[in-house]
Each structure stands twice: as C-alpha cells, then as structure tokens.
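**Q** Dropping in start15.cif, which is mmCIF, C-alpha atoms:
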data_input
#
loop_
_atom_site.label_atom_id
_atom_site.label_comp_id
_atom_site.auth_asym_id
_atom_site.auth_seq_id
_atom_site.Cartn_x
_atom_site.Cartn_y
_atom_site.Cartn_z
CA MET A 1223 -27.07 3.87 8.77
CA ASP A 1224 -26.45 2.32 12.22
CA ALA A 1225 -24.71 -1.05 12.15
CA ALA A 1226 -25.72 -3.42 14.92
CA SER A 1227 -23.92 -6.48 13.53
CA THR A 1228 -21.33 -7.60 11.01
CA ASP A 1229 -24.18 -8.70 8.76
CA ASP A 1230 -25.42 -5.09 8.63
CA ILE A 1231 -22.03 -3.95 7.31
CA VAL A 1232 -21.95 -6.77 4.77
CA ALA A 1233 -25.44 -5.82 3.55
CA VAL A 1234 -24.36 -2.23 2.97
CA LEU A 1235 -21.24 -3.11 1.03
CA LYS A 1236 -23.02 -5.69 -1.14
CA ASN A 1237 -25.80 -3.30 -2.15
CA PRO A 1238 -24.33 -0.26 -3.97
CA GLY A 1239 -27.72 0.52 -5.48
CA GLN A 1240 -29.28 1.05 -2.06
CA TYR A 1241 -26.10 2.23 -0.35
CA PRO A 1242 -24.09 4.34 -2.80
CA SER A 1243 -20.35 4.87 -2.70
CA PRO A 1244 -18.26 6.02 -1.03
CA VAL A 1245 -18.96 4.00 2.12
CA ARG A 1246 -17.27 5.30 5.24
CA ALA A 1247 -17.49 4.11 8.85
CA VAL A 1248 -17.37 6.43 11.86
CA GLY A 1249 -17.28 5.99 15.61
CA SER A 1250 -17.35 9.15 17.71
CA ASN A 1251 -16.20 11.53 14.95
CA HIS A 1252 -13.13 12.69 16.90
CA SER A 1253 -11.10 13.34 13.73
CA THR A 1254 -10.38 16.94 12.79
CA SER A 1255 -10.01 16.30 9.03
CA PRO A 1256 -12.60 15.18 6.42
CA CYS A 1257 -11.30 11.59 6.51
CA GLY A 1258 -14.70 10.22 7.60
CA THR A 1259 -16.92 12.17 5.20
CA ALA A 1260 -19.10 10.21 2.79
CA ASP A 1261 -19.55 12.87 0.07
CA GLY A 1262 -23.14 11.93 -0.76
CA GLY A 1263 -22.43 8.23 -0.26
CA THR A 1264 -23.14 6.07 2.78
CA LEU A 1265 -22.03 6.63 6.36
CA ILE A 1266 -22.00 3.63 8.69
CA ARG A 1267 -22.24 4.54 12.37
CA MET A 1268 -20.55 1.87 14.46
CA SER A 1269 -21.50 2.91 17.99
CA LYS A 1270 -24.00 0.05 18.50
CA MET A 1271 -21.25 -2.51 17.98
CA ASN A 1272 -19.58 -1.76 21.30
CA ALA A 1273 -19.23 -5.07 23.13
CA VAL A 1274 -16.12 -6.22 24.97
CA LEU A 1275 -15.93 -9.79 23.69
CA GLU A 1276 -13.06 -11.31 25.67
CA ILE A 1277 -10.44 -10.31 28.22
CA THR A 1278 -7.44 -12.59 28.84
CA SER A 1279 -4.33 -12.05 30.94
CA ASP A 1280 -2.66 -10.11 28.13
CA THR A 1281 -5.30 -9.24 25.49
CA VAL A 1282 -8.72 -7.68 25.09
CA THR A 1283 -10.95 -8.32 22.07
CA VAL A 1284 -13.68 -5.79 21.28
CA GLN A 1285 -16.13 -4.78 18.59
CA GLY A 1286 -15.29 -1.90 16.27
CA GLY A 1287 -17.70 0.62 17.78
CA ALA A 1288 -16.49 0.32 21.39
CA ILE A 1289 -14.74 3.41 22.73
CA TYR A 1290 -11.38 3.48 24.44
CA ILE A 1291 -12.37 4.77 27.87
CA ASP A 1292 -15.12 2.18 28.26
CA ILE A 1293 -12.67 -0.61 27.47
CA ALA A 1294 -10.08 0.87 29.85
CA GLN A 1295 -12.62 0.80 32.67
CA GLN A 1296 -13.44 -2.84 31.97
CA LEU A 1297 -9.73 -3.66 31.99
CA GLN A 1298 -9.24 -1.97 35.36
CA LYS A 1299 -11.70 -4.41 36.90
CA GLN A 1300 -9.27 -7.16 35.87
CA ASN A 1301 -6.22 -5.20 37.09
CA LEU A 1302 -5.19 -4.57 33.48
CA GLN A 1303 -4.42 -1.48 31.40
CA PHE A 1304 -3.67 -0.45 27.83
CA TYR A 1305 -0.07 0.12 26.85
CA VAL A 1306 -1.01 3.50 25.34
CA ASN A 1307 -3.46 5.41 27.55
CA THR A 1308 -4.22 8.10 25.03
CA GLU A 1309 -6.09 11.22 26.13
CA ILE A 1310 -8.98 10.96 23.65
CA GLY A 1311 -11.22 8.44 25.38
CA SER A 1312 -13.89 8.67 22.69
CA LEU A 1313 -11.51 7.01 20.24
CA SER A 1314 -13.40 4.08 18.72
CA VAL A 1315 -11.79 0.69 18.19
CA GLY A 1316 -12.28 0.82 14.43
CA SER A 1317 -10.44 4.12 14.27
CA ALA A 1318 -7.77 2.98 16.72
CA ALA A 1319 -7.08 -0.09 14.60
CA CYS A 1320 -6.45 1.61 11.27
CA CYS A 1321 -5.84 5.34 11.89
CA GLY A 1322 -3.09 7.47 13.37
CA THR A 1323 -3.04 8.41 17.05
CA LYS A 1324 -0.62 10.22 19.35
CA ASP A 1325 0.66 9.88 22.87
CA ALA A 1326 4.08 10.39 24.42
CA SER A 1327 5.93 7.08 24.31
CA MET A 1328 6.63 5.44 27.62
CA PRO A 1329 10.23 4.24 28.08
CA GLY A 1330 10.88 1.31 25.77
CA GLU A 1331 7.36 1.41 24.32
CA PHE A 1332 5.45 2.81 21.35
CA GLY A 1333 3.20 5.87 21.45
CA GLN A 1334 0.64 4.87 18.81
CA VAL A 1335 -2.40 2.85 19.83
CA ASN A 1336 -2.56 0.44 16.90
CA SER A 1337 1.03 -0.67 17.47
CA TYR A 1338 -0.47 -2.82 20.26
CA ILE A 1339 -3.28 -4.27 18.14
CA ASN A 1340 -2.34 -7.76 16.99
CA ARG A 1341 -5.52 -8.89 15.21
CA ILE A 1342 -8.04 -7.01 13.07
CA LYS A 1343 -11.24 -8.28 11.45
CA MET A 1344 -12.72 -6.33 8.52
CA VAL A 1345 -15.55 -6.46 6.04
CA LEU A 1346 -13.99 -5.92 2.61
CA PRO A 1347 -15.66 -3.78 -0.08
CA SER A 1348 -16.85 -7.02 -1.73
CA GLY A 1349 -18.72 -7.96 1.45
CA ASP A 1350 -16.27 -10.77 2.24
CA LEU A 1351 -14.66 -11.02 5.67
CA LEU A 1352 -10.92 -10.77 6.25
CA GLU A 1353 -8.92 -11.46 9.41
CA VAL A 1354 -5.40 -10.04 9.64
CA SER A 1355 -2.93 -10.73 12.45
CA ASP A 1356 0.71 -10.33 13.37
CA ASP A 1357 1.31 -13.59 11.50
CA GLN A 1358 0.97 -11.44 8.33
CA PRO A 1359 3.33 -8.58 9.25
CA GLU A 1360 3.39 -6.78 5.89
CA LEU A 1361 -0.40 -6.76 5.51
CA MET A 1362 -0.86 -5.86 9.17
CA GLN A 1363 1.50 -2.93 8.69
CA GLN A 1364 -0.64 -1.71 5.79
CA VAL A 1365 -3.99 -2.25 7.52
CA ARG A 1366 -2.89 -0.33 10.61
CA SER A 1367 -2.61 2.77 8.44
CA SER A 1368 -5.52 2.10 6.09
CA TYR A 1369 -7.99 4.66 7.51
CA GLY A 1370 -10.93 2.48 6.52
CA THR A 1371 -9.92 2.35 2.84
CA PHE A 1372 -9.17 -1.41 2.83
CA GLY A 1373 -12.31 -2.49 4.69
CA ILE A 1374 -14.61 -1.70 7.62
CA VAL A 1375 -13.11 -2.84 10.93
CA TYR A 1376 -15.67 -4.71 13.03
CA GLU A 1377 -13.40 -6.33 15.63
CA ALA A 1378 -9.88 -5.91 17.01
CA THR A 1379 -7.64 -7.45 19.66
CA PHE A 1380 -5.29 -5.29 21.77
CA ARG A 1381 -2.29 -6.42 23.75
CA VAL A 1382 -2.70 -5.25 27.36
CA ARG A 1383 -0.61 -5.43 30.53
CA PRO A 1384 -1.09 -5.53 34.31
CA ILE A 1385 -1.63 -2.15 35.96
CA VAL A 1386 1.67 -0.58 37.06
CA PRO A 1387 1.89 2.61 39.18
CA LEU A 1388 2.71 5.66 37.07
CA ALA A 1389 4.80 8.57 38.36
CA VAL A 1390 4.37 12.07 36.90
CA HIS A 1391 5.86 15.51 37.43
CA HIS A 1392 6.27 18.75 35.45
CA GLU A 1393 9.09 21.22 34.89
CA THR A 1394 9.02 24.53 32.98
CA PHE A 1395 11.87 25.73 30.76
CA LYS A 1396 12.62 28.83 28.73
CA LEU A 1397 12.73 28.03 25.02
CA GLU A 1398 16.49 28.50 24.70
CA ASP A 1399 17.18 26.37 27.78
CA PHE A 1400 14.86 23.63 26.59
CA ALA A 1401 16.42 23.49 23.12
CA ALA A 1402 19.94 23.34 24.59
CA ARG A 1403 19.08 20.70 27.19
CA LEU A 1404 16.90 18.44 25.02
CA PRO A 1405 19.50 15.64 24.76
CA GLU A 1406 19.93 15.75 28.54
CA LEU A 1407 16.16 15.64 29.12
CA LYS A 1408 15.76 12.70 26.78
CA ALA A 1409 18.60 10.90 28.60
CA ARG A 1410 16.43 10.81 31.73
CA GLY A 1411 14.64 7.87 30.12
CA GLU A 1412 11.13 9.16 30.79
CA SER A 1413 8.09 9.84 28.66
CA MET A 1414 7.85 13.49 27.61
CA MET A 1415 4.76 15.49 26.72
CA PHE A 1416 5.05 19.24 26.16
CA TYR A 1417 2.79 22.16 27.01
CA ILE A 1418 4.03 24.86 24.66
CA PHE A 1419 3.54 28.62 25.17
CA PRO A 1420 4.96 30.52 22.15
CA PHE A 1421 3.94 33.96 23.44
CA ASP A 1422 5.55 33.36 26.84
CA ASN A 1423 8.69 31.73 25.40
CA LEU A 1424 8.14 28.77 27.74
CA ILE A 1425 7.68 24.98 27.57
CA THR A 1426 6.39 22.85 30.42
CA VAL A 1427 7.50 19.23 30.15
CA GLU A 1428 5.40 16.43 31.58
CA PHE A 1429 7.69 13.57 32.64
CA ARG A 1430 6.16 10.12 33.23
CA HIS A 1431 7.64 6.76 34.12
CA TYR A 1432 6.39 3.49 35.54
CA ASN A 1433 7.10 3.21 39.24
CA PRO A 1434 6.46 -0.39 40.35
CA GLY A 1435 7.94 0.27 43.78
CA ALA A 1436 5.29 2.86 44.70
CA SER A 1437 3.55 2.20 48.01
CA GLY A 1438 0.18 3.15 49.42
CA PRO A 1439 -3.05 3.92 47.57
CA PRO A 1440 -2.76 5.59 44.15
CA ASN A 1441 -3.46 9.29 43.66
CA ARG A 1442 -6.84 9.36 41.89
CA VAL A 1443 -7.11 13.17 41.94
CA ALA A 1444 -4.17 14.41 39.88
CA TRP A 1445 -5.27 13.22 36.43
CA PRO A 1446 -8.98 14.08 36.87
CA LEU A 1447 -7.90 17.61 37.85
CA ARG A 1448 -5.72 17.81 34.74
CA ASN A 1449 -8.56 16.48 32.61
CA PHE A 1450 -11.12 18.93 34.02
CA MET A 1451 -8.89 21.93 33.37
CA TRP A 1452 -7.78 20.71 29.96
CA ALA A 1453 -11.04 19.41 28.51
CA ASN A 1454 -13.68 21.47 30.35
CA ALA A 1455 -12.74 24.58 32.28
CA GLY A 1456 -9.84 25.62 30.04
CA PRO A 1457 -11.55 25.68 26.64
CA LEU A 1458 -14.75 27.07 28.16
CA PHE A 1459 -12.83 29.94 29.77
CA CYS A 1460 -10.80 30.68 26.63
CA SER A 1461 -13.92 30.62 24.46
CA GLN A 1462 -15.71 33.05 26.76
CA VAL A 1463 -12.70 35.37 26.84
CA GLU A 1464 -12.53 35.24 23.03
CA SER A 1465 -16.18 36.19 22.62
CA SER A 1466 -16.48 38.78 25.39
CA ILE A 1467 -13.25 40.83 25.20
CA ALA A 1468 -12.95 42.73 21.94
CA ASP A 1469 -9.57 44.36 22.61
CA LYS A 1470 -6.92 41.84 21.53
CA ASP A 1471 -4.25 43.10 23.91
CA ILE A 1472 -6.55 42.68 26.89
CA ARG A 1473 -8.02 39.41 25.58
CA TYR A 1474 -4.71 37.69 25.12
CA GLY A 1475 -3.31 39.23 28.27
CA VAL A 1476 -6.08 37.40 30.12
CA ILE A 1477 -5.32 34.18 28.22
CA ASN A 1478 -1.61 34.54 28.99
CA GLY A 1479 -2.58 34.83 32.65
CA PHE A 1480 -4.62 31.65 32.34
CA CYS A 1481 -1.61 29.90 30.79
CA ALA A 1482 0.54 31.02 33.76
CA MET A 1483 -2.04 29.51 36.10
CA TRP A 1484 -2.02 26.33 34.00
CA ARG A 1485 1.75 26.04 34.38
CA PHE A 1486 1.50 26.58 38.14
CA LYS A 1487 -1.14 23.86 38.44
CA LEU A 1488 0.90 21.41 36.38
CA GLU A 1489 4.07 21.99 38.39
CA ASN A 1490 2.45 21.95 41.83
CA LEU A 1491 -0.71 19.84 41.65
CA ILE A 1492 -0.27 17.32 38.82
CA THR A 1493 2.59 15.51 40.50
CA SER A 1494 2.65 12.10 42.14
CA ASP A 1495 4.75 8.97 42.46
CA ASN A 1496 1.68 6.73 42.21
CA THR A 1497 -1.12 7.28 39.71
CA ILE A 1498 -3.23 5.03 37.49
CA ALA A 1499 -2.28 5.37 33.82
CA ALA A 1500 -5.87 4.96 32.59
CA ASP A 1501 -6.93 8.01 34.63
CA GLN A 1502 -5.32 10.10 31.87
CA ILE A 1503 -8.07 9.07 29.44
CA ILE A 1504 -10.81 11.68 28.99
CA ARG A 1505 -14.48 10.98 28.21
CA TYR A 1506 -15.57 13.68 25.77
CA PRO A 1507 -19.28 14.39 25.28
CA ALA A 1508 -21.00 12.70 22.34
CA VAL A 1509 -22.34 16.09 21.28
CA ALA A 1510 -19.86 18.96 21.56
CA ASP A 1511 -20.73 21.61 24.14
CA ASN A 1512 -19.33 25.03 25.09
CA SER A 1513 -16.07 23.44 26.19
CA ARG A 1514 -15.27 22.06 22.73
CA TYR A 1515 -11.87 22.64 21.21
CA THR A 1516 -9.92 21.52 18.17
CA PHE A 1517 -6.29 20.95 17.26
CA SER A 1518 -3.85 19.98 14.56
CA LEU A 1519 -0.43 18.35 14.58
CA SER A 1520 2.74 17.72 12.69
CA ALA A 1521 5.70 15.57 13.72
CA PHE A 1522 9.37 16.50 13.30
CA PRO A 1523 12.59 14.50 13.62
CA GLU A 1524 13.95 14.52 17.14
CA ALA A 1525 17.33 15.77 15.91
CA THR A 1526 15.88 19.00 14.48
CA TYR A 1527 13.14 19.66 17.04
CA GLY A 1528 14.98 22.34 19.01
CA SER A 1529 15.56 24.50 15.93
CA VAL A 1530 12.07 23.80 14.53
CA LEU A 1531 10.40 24.75 17.81
CA THR A 1532 12.45 27.96 17.94
CA ALA A 1533 11.33 28.78 14.39
CA TYR A 1534 7.72 27.93 15.30
CA PHE A 1535 7.72 30.41 18.18
CA ALA A 1536 8.93 33.09 15.76
CA PHE A 1537 6.32 32.01 13.19
CA CYS A 1538 3.47 32.33 15.72
CA LYS A 1539 4.57 35.80 16.79
CA GLN A 1540 5.07 36.99 13.22
CA TYR A 1541 1.71 35.58 12.12
CA TYR A 1542 -0.03 37.38 14.98
CA GLN A 1543 1.74 40.63 14.12
CA GLN A 1544 0.88 40.41 10.43
CA GLN A 1545 -2.54 38.72 10.50
CA GLY A 1546 -3.85 39.66 13.95
CA TYR A 1547 -4.52 35.99 14.81
CA ARG A 1548 -3.21 33.59 17.42
CA THR A 1549 -4.64 30.42 18.87
CA ASN A 1550 -6.56 31.13 22.06
CA MET A 1551 -5.24 28.08 23.89
CA LEU A 1552 -1.76 26.68 24.36
CA ASN A 1553 0.09 24.27 22.06
CA VAL A 1554 1.09 20.76 23.06
CA GLY A 1555 3.62 18.24 21.79
CA TYR A 1556 4.79 14.65 22.28
CA TRP A 1557 7.98 12.63 22.01
CA ILE A 1558 7.21 9.45 20.05
CA SER A 1559 9.65 6.58 19.65
CA GLN A 1560 10.54 5.11 16.28
CA ASP A 1561 7.69 2.86 15.21
CA ARG A 1562 7.29 0.85 12.01
CA SER A 1563 4.18 -1.01 13.12
CA SER A 1564 2.14 0.86 10.50
CA LEU A 1565 3.28 1.70 6.99
CA LEU A 1566 2.37 5.39 7.24
CA SER A 1567 3.64 5.83 10.79
CA TYR A 1568 4.91 9.36 11.31
CA SER A 1569 7.85 7.96 13.31
CA TYR A 1570 8.72 5.31 10.71
CA ASP A 1571 12.23 6.67 10.10
CA GLY A 1572 13.14 7.59 13.68
CA PRO A 1573 11.97 9.21 16.92
CA MET A 1574 9.71 12.21 16.34
CA MET A 1575 8.45 15.17 18.35
CA THR A 1576 5.24 17.01 17.56
CA ILE A 1577 3.92 20.56 17.59
CA ASP A 1578 0.13 20.62 18.08
CA PRO A 1579 -1.67 23.98 18.10
CA VAL A 1580 -4.93 23.95 20.07
CA SER A 1581 -7.86 26.34 19.73
CA THR A 1582 -11.54 26.68 20.48
CA GLY A 1583 -11.90 27.32 16.75
CA ASN A 1584 -11.68 31.08 17.16
CA PRO A 1585 -12.12 33.26 14.02
CA GLY A 1586 -9.04 32.89 11.86
CA TRP A 1587 -8.29 29.28 12.78
CA PRO A 1588 -8.84 27.81 9.26
CA GLU A 1589 -6.54 30.41 7.71
CA PHE A 1590 -3.94 29.82 10.42
CA LEU A 1591 -3.97 26.08 9.66
CA VAL A 1592 -3.04 26.75 6.03
CA ALA A 1593 -0.02 28.81 7.14
CA TYR A 1594 0.82 26.29 9.87
CA ASN A 1595 0.83 23.42 7.38
CA GLN A 1596 3.08 25.39 5.05
CA PHE A 1597 5.47 26.05 7.92
CA CYS A 1598 5.47 22.40 8.95
CA SER A 1599 6.03 21.09 5.44
CA ALA A 1600 8.92 23.51 4.92
CA HIS A 1601 10.53 22.20 8.12
CA GLY A 1602 10.18 18.48 7.35
CA GLY A 1603 6.92 17.93 9.23
CA ILE A 1604 4.83 14.78 8.83
CA PRO A 1605 1.02 15.08 9.16
CA LEU A 1606 -1.71 12.61 10.10
CA PHE A 1607 -4.57 12.02 7.68
CA ASN A 1608 -7.15 12.17 10.48
CA GLN A 1609 -5.73 14.86 12.76
CA THR A 1610 -4.00 17.39 10.49
CA ASP A 1611 -6.68 19.44 8.76
CA ALA A 1612 -6.20 21.47 5.55
CA ILE A 1613 -3.16 19.52 4.34
CA THR A 1614 -2.53 19.32 0.59
CA PRO A 1615 -1.64 16.27 -1.51
CA ALA A 1616 1.75 17.86 -2.25
CA GLN A 1617 2.48 18.21 1.48
CA VAL A 1618 1.48 14.60 2.10
CA GLN A 1619 3.63 13.37 -0.79
CA ALA A 1620 6.61 15.37 0.46
CA ALA A 1621 6.20 13.88 3.93
CA LEU A 1622 5.53 10.22 3.10
CA GLY A 1623 7.19 9.75 -0.30
CA ASP A 1624 7.45 6.18 -1.57
CA ARG A 1625 5.55 4.78 1.42
CA LEU A 1626 2.45 6.62 0.18
CA LYS A 1627 2.84 5.03 -3.26
CA THR A 1628 3.26 1.58 -1.69
CA PHE A 1629 0.15 2.13 0.41
CA ALA A 1630 -1.93 3.37 -2.55
CA ALA A 1631 -0.99 0.28 -4.57
CA ALA A 1632 -1.86 -2.06 -1.69
CA ARG A 1633 -5.20 -0.36 -1.14
CA GLN A 1634 -6.06 -0.84 -4.80
CA VAL A 1635 -5.82 -4.63 -4.35
CA TYR A 1636 -8.58 -4.67 -1.73
CA ASP A 1637 -10.78 -1.93 -3.17
CA PRO A 1638 -10.15 -1.74 -6.93
CA ASN A 1639 -13.43 0.07 -7.61
CA GLY A 1640 -13.03 2.72 -4.92
CA ARG A 1641 -16.07 1.64 -2.90
CA LEU A 1642 -14.50 3.05 0.30
CA LEU A 1643 -12.60 5.94 -1.27
CA ASN A 1644 -14.05 9.36 -0.50
CA ALA A 1645 -12.97 12.58 -2.20
CA TYR A 1646 -10.49 13.39 0.57
CA PHE A 1647 -8.52 10.16 0.22
CA ARG A 1648 -8.88 10.18 -3.55
CA ASP A 1649 -7.04 13.49 -3.57
CA MET A 1650 -4.45 12.42 -1.00
CA LEU A 1651 -3.69 9.10 -2.68
CA GLY A 1652 -3.66 10.49 -6.20
CA GLY A 1653 -6.83 9.07 -7.72
#
Do you think you could lay out the structure here as structure tokens?
**A**
Amino acid sequence: MDAASTDDIVAVLKNPGQYPSPVRAVGSNHSTSPCGTADGGTLIRMSKMNAVLEITSDTVTVQGGAIYIDIAQQLQKQNLQFYVNTEIGSLSVGSAACCGTKDASMPGEFGQVNSYINRIKMVLPSGDLLEVSDDQPELMQQVRSSYGTFGIVYEATFRVRPIVPLAVHHETFKLEDFAARLPELKARGESMMFYIFPFDNLITVEFRHYNPGASGPPNRVAWPLRNFMWANAGPLFCSQVESSIADKDIRYGVINGFCAMWRFKLENLITSDNTIAADQIIRYPAVADNSRYTFSLSAFPEATYGSVLTAYFAFCKQYYQQQGYRTNMLNVGYWISQDRSSLLSYSYDGPMMTIDPVSTGNPGWPEFLVAYNQFCSAHGGIPLFNQTDAITPAQVQAALGDRLKTFAAARQVYDPNGRLLNAYFRDMLGG
C-alpha cells in the first residue's frame, strides 16, 4: 500500500487482519539484498511522504519517503550541503536513517549517512509513535542499524553544513605499489575512493578534500561527466558487449579497453580544485533501464587491506580460470573512518576499506557472489544487510559477533511478536 501520512502507517500496523505480517517499508528499492521483501505480508511504499519539512542553518528535517538527491538540491538553494554526499541519490530518508550506507570518509568526518542523523521518528509495530534523538545515545545507536525492524521511519533530521568547495584528483597505481604505499597515501589526509581493476593489476585512487580557499566559479562539469559514464554509458556499454560478443577473450578484451579509457578519463578530466560536493549524487531512474547495474560489498580492517586486496586479485583471476566468469564492470572501494554511531556499523572497531564488485548482472553473477562472500568471510570481511547479497547467517555472526546478539535482544523489546520481521531478518537474527 502507498502511505501518504503517518496515520496510514499506523492504520496498517494496527490491523494485522487486513494487513498481514511481516510489514516492511520501502522507498526506491535501491537495496541489493532481500531486506525489504514482505514474504506474502504487507509492503508499505513511502514515496508519497516526501516533503522537506524544515531547513535551519545546520539541520534539515524531512519525511521518510523523500530521496537524497531531492533534499540535496533543496539544501543548495540555502547554500547548504549534506556531510555525506553519497552516490546513490535515490536513497530514501527512511532507509538512510536505519540502514547501512557507504561513502569514502572526508578528513575528520564519518562516511555513513545516518551518522549525521540526530533525530528519528518511527511508528512502532503497536501503532504507537516513538521519537529518538541523540539525547538517547544507546537507543539511537540501535535504531540507526535497525533496518526497519524496530519501527517504520516516517521522519528524520539530518545535520548539514554550509557548502565548501571540494577538490578532487585521481592517481593510478600498480597493485604492489598501492599496497606498499597505503600508509603514505592515507597520511595525505584526504578522502580515498578506489576504482579497482583486478585483471589489469591496477587501482585508481580518487582523492578528495575540502578546499575553502578555492577561487572563481565551481566546476559543474566534472562530476556530471563522472556520473554519466558511471551510471549510464558505462553499464550500458558493458551490457551490450556482454550480450553481443560471444567469445570471452574478445569480450573482456573490449571491456579491459573500456576500463583503460575510464582510468584516462578519471586522471585527466575528473580533476578540479573547486567542485560542489552534492554534484557527486546520482539520480537513478525509478524503473531500471538498459543502464542498470548491481553490486555487493564487504569491508576489511585498514591494517590488512593491502594483503586482502592482493588475495582478492588472485581470487578473481582464479575464479575466472576455473569457472569462466568475471564481473563485466570494474570493482570499487572506499576508506571509511571508525564510526560507532550505529551498533552494527561495519567500521565499529576501527577504520575499514571495502571491496565492491560491480556488474550488470551478467550470467554467473549469483554464483560469483556466493564465492565472493566466502572469500570475504575467510579474510575478516564485514557485510551490510542491505547491500551484500547472498550472505549466510554464519557469515553475519562471524562478522558481527556479540553486537548482533545485543541488537537482536533490543529489537525484541520493540517488536516482540515479529510484526516487522521478514524471513530474511529472521534467518540473520536467529529467529
């Protein structure tokens, strides 16, 4: 059903006869796992609750169905920006408030969107309303990682900041050089995102930092060019190559050539001392088209990332040799600072770096994910419930340990009858 008001959500939760369990809420369905499935229960679509309710000098309050890029554009009119300008602009506020996200941490800042949310309003499974804020740090920490299993988020308040010029440039390294120089690169004190090319033995690092001394008008071309290649032309081209070239050697030779062009573009065109951070955010179509793509991710401790990435390159090559499959796009990755804002944060115990394979969903992708998850779990990887598909309860337990038990017990307090608990989370949380 489509919720147009808080009362609509309350009516659903108070009427299990008309609206059977489990009840799940969705925004733009950007998740790659079954976290939002309703398993024969009731799905609440939140997109009609999309109003920006209030903008102050340092906060924005919005309804749960509003999407990130729309809010960012409203903030720009007030010379404001989000702290985390995550790529996925179709991220809904409800998801942002209580689910995992990823973005390379800016110097001295977090890389997860909900770390900058300081107030959340939910409808509980009973139909009662609950407001949680930073004045309740333990509960807020739990709610930020609740994935809609405590209640349905209908409103949230983000901390925001004045727009500051953002500098960006890219450098490409051979794997061995990158692994050896990682401490030096981190010491630069810049944000780091990675474009990873296992079959070329190369990594292109995107360095970003705020540059308040920048002069002149901002570059409004660099990020839109990146976005067009990444979210439109790139996946469309790779999908067409996948479907039209049967010979794998030729097919992936063409894709390797595309990746070389991608690196050239990043190094030579996506560079500027003065950009707008919100220009990084991409508006994805409501209905997927021929440029659709998918991804997964796992996060690894910063201290082991060089050796894990080296092993991952070998894993990709061996898997292709043995199974005849490789992803038909590049991989990406992010450096994320330590962050205990949410209980199930993947950087709870220290800074983390991710490995995120990307694909147009070419034949063999589901099977690859199973092997990828096994590799990640064996190397200490931590998944996300909403963006790491095909994970197993054992892998989740190995990654999150006692924090998962603490979360499951807290969730039980707010939803003792499992009104919001679908089969996916029932398995992951152990019943």
**Q** If you measure from atom CA of Asn1553 of chain A to atom CA of Leu1622 of chain A, what distance in Å do you get, rounded to one decimal?
**A** 24.2 Å
**Q** Please enumerate the residues selected by the PyMOL selection byres ((chain A and resi 1231) around 10) when evaluated against the supplied file, formatted as a list in words.
**A**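 What the PyMOL selection byres ((chain A and resi 1231) around 10) grabs from the file is Met1223, Asp1224, Ala1225, Ala1226, Ser1227, Thr1228, Asp1229, Asp1230, Val1232, Ala1233, Val1234, Leu1235, Lys1236, Val1245, Ala1247, Ile1266, Arg1267, Met1268, Met1344, Val1345, Leu1346, Pro1347, Gly1349, Ile1374, Val1375 and Tyr1376 of chain A.
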**Q** Using only C-alpha atoms, pick whichever of A:Gly1546, A:Lys1487, A:Arg1381, A:Thr1582 has the shortest atom-to-atom distance to Leu1458 of chain A.
**A**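 Closest residue, counting only C-alpha atoms: A:Thr1582.
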**Q** So that I can see what lies close to segment 1568-1579 of chain A, please list as an mmCIF file with C-alpha atoms, keeping the file's coordinate frame the residues with an atom at most 7 Å from it, counting only C-alpha atoms and leaving out residues fewer than 5 positions away in the same chain.
**A**
data_model
loop_
_atom_site.group_PDB
_atom_site.id
_atom_site.type_symbol
_atom_site.label_atom_id
_atom_site.label_comp_id
_atom_site.auth_asym_id
_atom_site.auth_seq_id
_atom_site.Cartn_x
_atom_site.Cartn_y
_atom_site.Cartn_z
ATOM 1 C CA PHE A 1517 -6.290 20.950 17.260
ATOM 2 C CA SER A 1518 -3.850 19.980 14.560
ATOM 3 C CA LEU A 1519 -0.430 18.350 14.580
ATOM 4 C CA SER A 1520 2.740 17.720 12.690
ATOM 5 C CA ALA A 1521 5.700 15.570 13.720
ATOM 6 C CA PHE A 1522 9.370 16.500 13.300
ATOM 7 C CA PRO A 1523 12.590 14.500 13.620
ATOM 8 C CA GLU A 1524 13.950 14.520 17.140
ATOM 9 C CA TYR A 1527 13.140 19.660 17.040
ATOM 10 C CA LEU A 1552 -1.760 26.680 24.360
ATOM 11 C CA ASN A 1553 0.090 24.270 22.060
ATOM 12 C CA VAL A 1554 1.090 20.760 23.060
ATOM 13 C CA GLY A 1555 3.620 18.240 21.790
ATOM 14 C CA TYR A 1556 4.790 14.650 22.280
ATOM 15 C CA TRP A 1557 7.980 12.630 22.010
ATOM 16 C CA ILE A 1558 7.210 9.450 20.050
ATOM 17 C CA SER A 1559 9.650 6.580 19.650
ATOM 18 C CA GLN A 1560 10.540 5.110 16.280
ATOM 19 C CA ASP A 1561 7.690 2.860 15.210
ATOM 20 C CA ARG A 1562 7.290 0.850 12.010
ATOM 21 C CA ILE A 1604 4.830 14.780 8.830
#
**Q** Given the file shown, determine the residues that the PyMOL selection byres ((chain A and resi 1548-1550) around 9) selects; report them as number ranges by chain.
**A** A: 1457, 1460-1461, 1463-1464, 1474, 1477, 1538-1539, 1541-1542, 1545-1547, 1551-1553, 1579-1584, 1586-1587, 1590
**Q** For Ser1243 of chain A, please output as a list in words all residues within 8 Å (counting only C-alpha atoms; exclusion window: fewer than 5 positions along the same chain).
**A** Pro1238, Ala1260, Gly1262, Gly1263, Thr1264, Gly1640, Arg1641, Leu1642 and Leu1643 of chain A
**Q** What residues have an atom no more than 10 Å from (-0.1, 1.1, 6.3) in the file's own frame, counting all atoms listed in the file, and can you write them as a VMD selection string?
**A** chain A and resid 1320 to 1322 1360 to 1369 1562 to 1567 1625 to 1626 1628 to 1630 1632 to 1633
**Q** Have a look at A:Ser1413, A:Ser1348, A:Asn1251, A:Gln1240 and name the one nearest to Ser1317 of chain A; count all atoms listed in the file.
**A**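 Between A:Ser1413, A:Ser1348, A:Asn1251, A:Gln1240, the residue approaching Ser1317 of chain A most closely is A:Asn1251.
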**Q** To one decimal in Å, tell me the separation between atom CA of Glu1353 of chain A and atom CA of Thr1379 of chain A.
**A**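 Between atom CA of Glu1353 of chain A and atom CA of Thr1379 of chain A the gap is 11.1 Å.
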**Q** What residues come out when you apply the PyMOL selection byres ((chain A and resi 1402) around 12) to this file, written as JSON, numbers by chain?
**A** {"A": [1395, 1396, 1397, 1398, 1399, 1400, 1401, 1403, 1404, 1405, 1406, 1407, 1408, 1525, 1526, 1527, 1528, 1529, 1531, 1532]}
**Q** Rank A:Glu1489, A:Asp1501, A:Glu1393, A:Asp1357 by their smallest atom-to-atom distance to Asn1449 of chain A, using all atoms listed in the file, and report the top residue only.
**A**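 Answer, going by the shortest atom-to-atom distance: A:Asp1501.
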**Q** Using only C-alpha atoms, find the one residue out of A:Gln1540, A:Asn1423, A:Thr1371, A:Ser1466 that sits nearest to Ala1631 of chain A.
**A**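 Of A:Gln1540, A:Asn1423, A:Thr1371, A:Ser1466, the one nearest Ala1631 of chain A is A:Thr1371, counting only C-alpha atoms.
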**Q** So, counting only C-alpha atoms, which residue among A:Gly1479, A:Pro1359, A:Gly1370, A:Gly1239 is closest to Ser1337 of chain A?
**A**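 Counting only C-alpha atoms, the residue closest to Ser1337 of chain A is A:Pro1359.
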